[in-house]
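*Asks:* Here's a structure for you.
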Amino acid sequence: MEYLHKAWEFILSTNVISQVNRVDYEALFTNPWFMAPFGLFILVLVMWGKWRVVILVAIAVGIWIFSGTEYIAGMVVDGEINLPRLIPFIVAGLFVAIIALFALLGRSD
């Protein structure tokens with residue numbers, strides 16, 4: 001348990017969490033120096049038939065982009081959770097979780 005505590009302290013000391021929070025994803029996905037290798041990565045995965053990894057990468061990128069939208073920013077209003085926005089978020093999250101579990105635990109070809 002001490003090892004995990006030291007690892008967490010190291011992550012906090014490097015400010016990785018704040019750096020990830022400050023990423024400008026719109027600029028990142030319009031930058032050719034990022035998009036060319038990322039597109040090549042996806043192309044290689046498709047050519048090798050690694051559909052599970054493609055699905056999981058798409059889910060991760062989608063969650064990352066969705067987390068920066070105005071919809072998520074309006075989820076908490078004046079310190080209280082906005083229920084009309086929370087219910088569709090939970091349904092969509094359940095749908096994404098089912099797809100991810102199917103990709104991870106489903107039978108292979």
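Residues in the structure tokens are numbered from 1 in each chain, the chains being A, B, ... in the order shown, and ligands are numbered from 1 in the order shown.
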Could you give me the residues within segment 14-108 of chain A that DSSP places in strand (DSSP E), as a list in words?
*Replies:* Val76, Val77, Glu80 and Ile81 of chain A
*Asks:* Got time to write the residues from that selection, N, CA and C atoms, as a compact mmCIF listing (two decimals), in the first residue's frame?
*Replies:*
```txt
# COMPACT_ATOMS: atom_id res chain seq x y z
N VAL A 76 -23.31 20.65 -13.14
CA VAL A 76 -23.42 21.12 -11.76
C VAL A 76 -23.70 22.62 -11.80
N VAL A 77 -24.84 23.03 -11.24
CA VAL A 77 -25.24 24.42 -11.21
C VAL A 77 -25.38 24.85 -9.76
N GLU A 80 -25.17 22.17 -7.11
CA GLU A 80 -26.15 21.10 -7.13
C GLU A 80 -26.15 20.43 -8.50
N ILE A 81 -26.39 19.13 -8.51
CA ILE A 81 -26.41 18.38 -9.76
C ILE A 81 -27.70 18.66 -10.51
```
*Asks:* So that I can check the surroundings of Pro84 of chain A, please list as a list in words every protein, DNA and RNA residue that reaches within 10 Å of it, counting only C-alpha atoms and ignoring chain neighbours fewer than 4 positions away.
*Replies:*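 Answer for this query is Met75, Pro88 and Phe89 of chain A.
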*Asks:* Where does DSSP see helix (DSSP H, G or I) in chain A, if you list the residues as a PyMOL selection string?
*Replies:* chain A and resi 2-13+16-21+25-28+32-48+51-66+70-73+83-105
*Asks:* For Ala73 of chain A, find every residue with an atom within 12 Å (counting only C-alpha atoms), except residues of its own chain fewer than 6 positions away, and show them as a tab-separated table (two decimals) with N, CA and C atoms, in the first residue's frame.
*Replies:*
```tsv
chain	number	residue	atom	x	y	z
A	66	PHE	N	-15.93	14.62	-25.12
A	66	PHE	CA	-17.22	14.93	-24.49
A	66	PHE	C	-17.04	15.57	-23.12
A	67	SER	N	-15.97	15.21	-22.41
A	67	SER	CA	-15.77	15.76	-21.07
A	67	SER	C	-15.47	17.26	-21.09
A	79	GLY	N	-23.52	24.38	-7.25
A	79	GLY	CA	-23.17	23.32	-6.30
A	79	GLY	C	-24.15	22.17	-6.25
A	81	ILE	N	-26.39	19.13	-8.51
A	81	ILE	CA	-26.41	18.38	-9.76
A	81	ILE	C	-27.70	18.66	-10.51
A	82	ASN	N	-27.58	18.96	-11.79
A	82	ASN	CA	-28.72	19.23	-12.66
A	82	ASN	C	-29.28	17.89	-13.16
A	85	ARG	N	-30.02	16.90	-16.89
A	85	ARG	CA	-28.82	16.61	-17.68
A	85	ARG	C	-28.14	15.32	-17.24
A	86	LEU	N	-28.37	14.89	-16.03
A	86	LEU	CA	-27.69	13.72	-15.49
A	86	LEU	C	-28.26	12.42	-16.05
```
